[in-house]
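Please read the structure below before turning to the comments.
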Amino acid sequence: MPVEELEDRVIITDPIDPTNTATILKYGATVISWKNQSQEKLWLSEGAHLDGSKPVRGGIPLVFPVFGKQSDETHPTFKLPQHGFVRNSTWEFLGQTSENPITVQFGLGKENVDPEAYKLWGEGKYDVTLILTVSLTKDKLVTSIDVENTGKDAFEFNWLFHTYFKIPDITDTLVNNLIDHQVVDKVLGEEYVEKAPAIGFHEEFDRVYKDVHEDKTLQIIELGKVLVNVDRENLPDAVVWNPWINKSAGMADFTPKDGWKNMLCVEPGHVSSMVDLKPGAKWTGSQILTLGGEIKIQANI
Ligand code: BG6
């Protein structure tokens with residue numbers, strides 16, 4: 001069956017090759033599994049809560065309308081919890097929109113969000129409709145988000161696909177094509193220009209790369225082999241995160257405790273600035289993940 005709806009999740013299967021599947025939890029519309037030729041490509045903590053009691057630790061959690069915690073206390077997102085409210089709301093399954101590539105949609109509006117949580121965003125005065133589209137082909141997983149302002153007041157928001165990739169060994173892993181980009185280093189508390197042609201990992205890593213041109217593909221490379229290409233539409237920033245030893249130890253839902261060795265987050269988003277959405281306006285952003293291929297070195301454009 002190309003689309004199977006269970007009580008808490010939806011499983012989609014590539015009609016051409018049934019060893020390619022994706023599983024989307026209705027809670028958070030979180031993609032919790034992407035298998036290609038039966039091999040898992042996303043990292044999901046063994047301790048992740050999949051029962052709707054906590055945002056999922058792993059897969060592709062969705063971040064809206066604020067990335068992290070808002071520091072400006074006059075901003076309508078100030079009272080919201082870290083990463084907003086859509087990763088911990090249960091989305092509606094809207095159904096299948098295409099057979100090949102197999103494509104499904106999920107929707108979230110005010111009525112799907114806990115009213116107490118919604119009130120924390122601008123005293124609950126905004127109206128928004130979010131549609132997540134998930135599409136799967138042979139070697140590709142595409143997630144797109146439409147944000148529509150269905151209310152009377154303009155609002156500002158961040159968007160982020162918080163994608164956790166499963167990798168064989170973080171110390172053998174590189175991410176390329178971020179050279180010469182302005183970066184906010186959250187571990188050092190500094191902002192500078194990235195000078196590494198490919199970034200490697202040997203300690204806690206938490207950086208926001210700003211305004212990375214859309215034509216640049218971010219490649220996750222392991223021992224000279226491209227694991228996955230991360231392409232983006234309308235998502236200018238890229239967060240790269242690995243919690244390493246101490247930070248993982250402090251997260252109760254992060255297991256096994258040495259799971260940081262096998263995960264890397266490369267997260268396309270609009271986070272270093274906010275999108276300003278007028279009443280009636282719509283905004284779309286996409287993450288395109290493609291497996292394999294050649295190493296592509298791109299200079300700063
Ligand atoms: C990343 C942030 O996107 O998400 C990190 O850059 C943060 O600073 C991480 O620790 C995980 O956040 P959370 O809320 O899922 O623990």
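By convention here, the chains of the structure tokens are called A, B, ... in the order presented, each chain's residues are numbered starting at 1, and ligands are numbered starting at 1 in the order presented.
Excluding stretch 46-63 of chain A and any residue on its chain fewer than 4 positions from it, the residues at most 6 Å away by only C-alpha atoms are Tyr27, Thr30, Val31, Ile32, Leu42, His83, Arg87, Asn88, Trp159, Leu160, Phe161, His162, Thr163, Tyr164, Asp253, Phe254 and Thr255 of chain A.
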Those same residues, written as a PDB file, in the first residue's frame with C-alpha atoms?
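Below you can see result24.pdb, which holds the result:
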ATOM      1  CA  TYR A  27       2.414  14.560  16.415  1.00  0.00           C
ATOM      2  CA  THR A  30       7.560  14.759  12.410  1.00  0.00           C
ATOM      3  CA  VAL A  31       9.168  12.557   9.771  1.00  0.00           C
ATOM      4  CA  ILE A  32      10.599   9.864  12.062  1.00  0.00           C
ATOM      5  CA  LEU A  42      17.491   9.677   9.729  1.00  0.00           C
ATOM      6  CA  HIS A  83      11.419  26.251  18.918  1.00  0.00           C
ATOM      7  CA  ARG A  87       6.629  20.344  16.851  1.00  0.00           C
ATOM      8  CA  ASN A  88       4.435  19.552  19.833  1.00  0.00           C
ATOM      9  CA  TRP A 159      10.973  28.413  10.083  1.00  0.00           C
ATOM     10  CA  LEU A 160      13.375  25.464  10.402  1.00  0.00           C
ATOM     11  CA  PHE A 161      13.492  21.820   9.326  1.00  0.00           C
ATOM     12  CA  HIS A 162      15.458  20.423  12.298  1.00  0.00           C
ATOM     13  CA  THR A 163      16.789  17.399  10.388  1.00  0.00           C
ATOM     14  CA  TYR A 164      18.743  14.708  12.270  1.00  0.00           C
ATOM     15  CA  ASP A 253      15.472  11.650  25.811  1.00  0.00           C
ATOM     16  CA  PHE A 254      18.840  11.288  24.084  1.00  0.00           C
ATOM     17  CA  THR A 255      19.798   7.609  24.006  1.00  0.00           C
TER      18      THR A 255
END
Considering only C-alpha atoms and all ligand atoms, give me a table of residues in chain A that are at most 8 Å from ligand 1, with the closest atom pair and distance in Å for each, as a tab-separated table.
residue	atom	partner	partner_atom_place_in_ligand_line	distance
A:Pro55	CA	ligand 1	15 (O)	7.2
A:Val56	CA	ligand 1	15 (O)	7.8
A:Arg57	CA	ligand 1	15 (O)	6.5
A:Phe67	CA	ligand 1	3 (O)	7.4
A:Gly68	CA	ligand 1	2 (C)	6.5
A:Gln82	CA	ligand 1	14 (O)	5.6
A:His83	CA	ligand 1	14 (O)	6.3
A:His162	CA	ligand 1	3 (O)	6.2
A:Lys186	CA	ligand 1	8 (O)	7.0
A:Asp206	CA	ligand 1	6 (O)	5.3
A:Arg207	CA	ligand 1	6 (O)	6.5
A:Val208	CA	ligand 1	6 (O)	7.1
A:Val239	CA	ligand 1	3 (O)	6.1
A:Val240	CA	ligand 1	6 (O)	7.1
A:Trp241	CA	ligand 1	6 (O)	5.9
A:Pro243	CA	ligand 1	10 (O)	7.1
A:Met251	CA	ligand 1	16 (O)	7.4
A:Cys265	CA	ligand 1	3 (O)	7.7
A:Glu267	CA	ligand 1	3 (O)	7.1
For the residues selected in the previous step, produce a file with N, CA and C atoms as a PDB file, in the first residue's frame.
ATOM      1  N   PRO A  55       8.347  16.938  22.323  1.00  0.00           N
ATOM      2  CA  PRO A  55       8.828  16.949  20.927  1.00  0.00           C
ATOM      3  C   PRO A  55       9.769  15.774  20.682  1.00  0.00           C
ATOM      4  N   VAL A  56       9.733  15.268  19.456  1.00  0.00           N
ATOM      5  CA  VAL A  56      10.505  14.065  19.129  1.00  0.00           C
ATOM      6  C   VAL A  56      11.998  14.395  19.033  1.00  0.00           C
ATOM      7  N   ARG A  57      12.820  13.591  19.705  1.00  0.00           N
ATOM      8  CA  ARG A  57      14.279  13.752  19.630  1.00  0.00           C
ATOM      9  C   ARG A  57      14.782  12.928  18.451  1.00  0.00           C
ATOM     10  N   PHE A  67      12.804  30.272  16.368  1.00  0.00           N
ATOM     11  CA  PHE A  67      13.936  29.344  16.486  1.00  0.00           C
ATOM     12  C   PHE A  67      14.623  29.606  17.818  1.00  0.00           C
ATOM     13  N   GLY A  68      14.798  28.580  18.629  1.00  0.00           N
ATOM     14  CA  GLY A  68      15.388  28.753  19.965  1.00  0.00           C
ATOM     15  C   GLY A  68      14.426  29.534  20.841  1.00  0.00           C
ATOM     16  N   GLN A  82      11.062  27.118  23.641  1.00  0.00           N
ATOM     17  CA  GLN A  82      12.107  26.890  22.637  1.00  0.00           C
ATOM     18  C   GLN A  82      11.520  26.206  21.393  1.00  0.00           C
ATOM     19  N   HIS A  83      11.818  26.783  20.235  1.00  0.00           N
ATOM     20  CA  HIS A  83      11.419  26.251  18.918  1.00  0.00           C
ATOM     21  C   HIS A  83       9.903  26.286  18.633  1.00  0.00           C
ATOM     22  N   HIS A 162      14.398  20.785  11.335  1.00  0.00           N
ATOM     23  CA  HIS A 162      15.458  20.423  12.298  1.00  0.00           C
ATOM     24  C   HIS A 162      15.900  18.969  12.024  1.00  0.00           C
ATOM     25  N   LYS A 186      27.241  29.379  18.419  1.00  0.00           N
ATOM     26  CA  LYS A 186      26.524  29.453  19.699  1.00  0.00           C
ATOM     27  C   LYS A 186      27.336  28.831  20.833  1.00  0.00           C
ATOM     28  N   ASP A 206      27.517  23.967  17.378  1.00  0.00           N
ATOM     29  CA  ASP A 206      26.185  24.569  17.295  1.00  0.00           C
ATOM     30  C   ASP A 206      26.321  25.914  16.587  1.00  0.00           C
ATOM     31  N   ARG A 207      26.156  25.903  15.281  1.00  0.00           N
ATOM     32  CA  ARG A 207      26.393  27.116  14.491  1.00  0.00           C
ATOM     33  C   ARG A 207      25.231  27.393  13.553  1.00  0.00           C
ATOM     34  N   VAL A 208      25.000  28.689  13.358  1.00  0.00           N
ATOM     35  CA  VAL A 208      23.993  29.125  12.385  1.00  0.00           C
ATOM     36  C   VAL A 208      24.740  29.810  11.240  1.00  0.00           C
ATOM     37  N   VAL A 239      21.540  25.602  10.064  1.00  0.00           N
ATOM     38  CA  VAL A 239      22.046  25.330  11.404  1.00  0.00           C
ATOM     39  C   VAL A 239      22.761  23.981  11.332  1.00  0.00           C
ATOM     40  N   VAL A 240      23.950  23.918  11.915  1.00  0.00           N
ATOM     41  CA  VAL A 240      24.667  22.645  11.986  1.00  0.00           C
ATOM     42  C   VAL A 240      24.894  22.364  13.470  1.00  0.00           C
ATOM     43  N   TRP A 241      24.473  21.175  13.915  1.00  0.00           N
ATOM     44  CA  TRP A 241      24.472  20.898  15.361  1.00  0.00           C
ATOM     45  C   TRP A 241      24.863  19.458  15.662  1.00  0.00           C
ATOM     46  N   PRO A 243      25.521  17.686  19.595  1.00  0.00           N
ATOM     47  CA  PRO A 243      25.630  18.032  21.024  1.00  0.00           C
ATOM     48  C   PRO A 243      26.882  17.483  21.713  1.00  0.00           C
ATOM     49  N   MET A 251      20.499  15.502  28.128  1.00  0.00           N
ATOM     50  CA  MET A 251      19.169  15.378  27.522  1.00  0.00           C
ATOM     51  C   MET A 251      18.603  14.000  27.854  1.00  0.00           C
ATOM     52  N   CYS A 265      22.945  17.063  12.863  1.00  0.00           N
ATOM     53  CA  CYS A 265      21.828  17.858  12.376  1.00  0.00           C
ATOM     54  C   CYS A 265      22.338  18.896  11.389  1.00  0.00           C
ATOM     55  N   GLU A 267      20.298  21.705   9.312  1.00  0.00           N
ATOM     56  CA  GLU A 267      18.916  22.156   9.436  1.00  0.00           C
ATOM     57  C   GLU A 267      18.658  23.385   8.571  1.00  0.00           C
TER      58      GLU A 267
END
Using DSSP assignments from the backbone, pull out every residue in stretch 34-193 of chain A that falls under strand (DSSP E or B) and give it to me as an MDAnalysis selection string.
chainID A and resid 34:36 39:40 42 44 58 60 62:64 84 90 92:98 102:109 128:137 140:149 155:161 164:166 173:176 182:185 190:193
Leaving out A:Val10 and any residue of its chain fewer than 2 positions from it, which residues lie within 10 Å of it when counting only C-alpha atoms, given as an MDAnalysis selection string?
chainID A and resid 3:8 12 22:26 29 31 93 95 104
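Comparing the minimum interatomic distances between A:Val184 and each of A:Ile199, A:Gly285, A:Asp258, A:Ala238, counting only C-alpha atoms, we find that A:Ala238 sits nearest.
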Of the listed residues A:Asp276, A:Glu116, A:Glu99, A:Asp14, that which approaches A:Ala154 most closely, counting only C-alpha atoms:
A:Asp276
Suppose you want the space between atom CA of A:Ser273 and atom CA of A:Asn177; what is it in Å?
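Going from atom CA of A:Ser273 over to atom CA of A:Asn177 covers 21.2 Å.
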Show which residues sit within 7 Å of A:Asn158, as a list of chain:residue names. Count only C-alpha atoms, and ignore same-chain residues fewer than 4 positions away.
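Counting only the stated atoms, we get A:Phe64, A:Pro65, A:Val66, A:Phe67, A:His270, A:Val271, A:Met274, A:Val275.
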Just to confirm, what's the straight-line distance from atom CA of A:Pro268 to atom CA of A:Leu80 in Å (one decimal)?
21.1 Å
Taking only C-alpha atoms into account, which of A:Ile179, A:Ala117, A:Ile131, A:Leu174 comes nearest A:Trp283?
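Ranking A:Ile179, A:Ala117, A:Ile131, A:Leu174 by distance to A:Trp283, first place goes to A:Ile131.
Atom pair atom CA of A:Asn36 / atom CA of A:Ile11 has a distance of 13.5 Å (rounded to one decimal).
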Which one is closest to A:Ala198: A:Gln182, A:Ser135, A:Asn176, A:Ser286? Count only C-alpha atoms.
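Going through A:Gln182, A:Ser135, A:Asn176, A:Ser286 one by one, the smallest distance to A:Ala198 is for A:Asn176.
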Determine which residues of stretch 25-255 of chain A DSSP labels as alpha helix (DSSP H) from the backbone of this structure, then write them out as a ChimeraX atom specification.
/A:115-119,244-249
With C-alpha atoms retained, write the just-selected residues as a PDB file, in the first residue's frame.
ATOM      1  CA  PRO A 115      -5.238  27.043  23.356  1.00  0.00           C
ATOM      2  CA  GLU A 116      -2.947  27.779  26.325  1.00  0.00           C
ATOM      3  CA  ALA A 117       0.122  27.269  24.123  1.00  0.00           C
ATOM      4  CA  TYR A 118      -1.381  29.333  21.305  1.00  0.00           C
ATOM      5  CA  LYS A 119      -2.044  32.249  23.653  1.00  0.00           C
ATOM      6  CA  TRP A 244      28.729  15.854  21.669  1.00  0.00           C
ATOM      7  CA  ILE A 245      29.289  14.200  25.062  1.00  0.00           C
ATOM      8  CA  ASN A 246      28.190  16.610  27.805  1.00  0.00           C
ATOM      9  CA  LYS A 247      25.157  18.103  26.123  1.00  0.00           C
ATOM     10  CA  SER A 248      23.867  14.640  25.131  1.00  0.00           C
ATOM     11  CA  ALA A 249      24.316  13.488  28.733  1.00  0.00           C
TER      12      ALA A 249
END
With distances taken over only C-alpha atoms, which of A:Lys166, A:Lys110, A:Phe157, A:Thr97 is nearest to A:Gly84?
A:Phe157
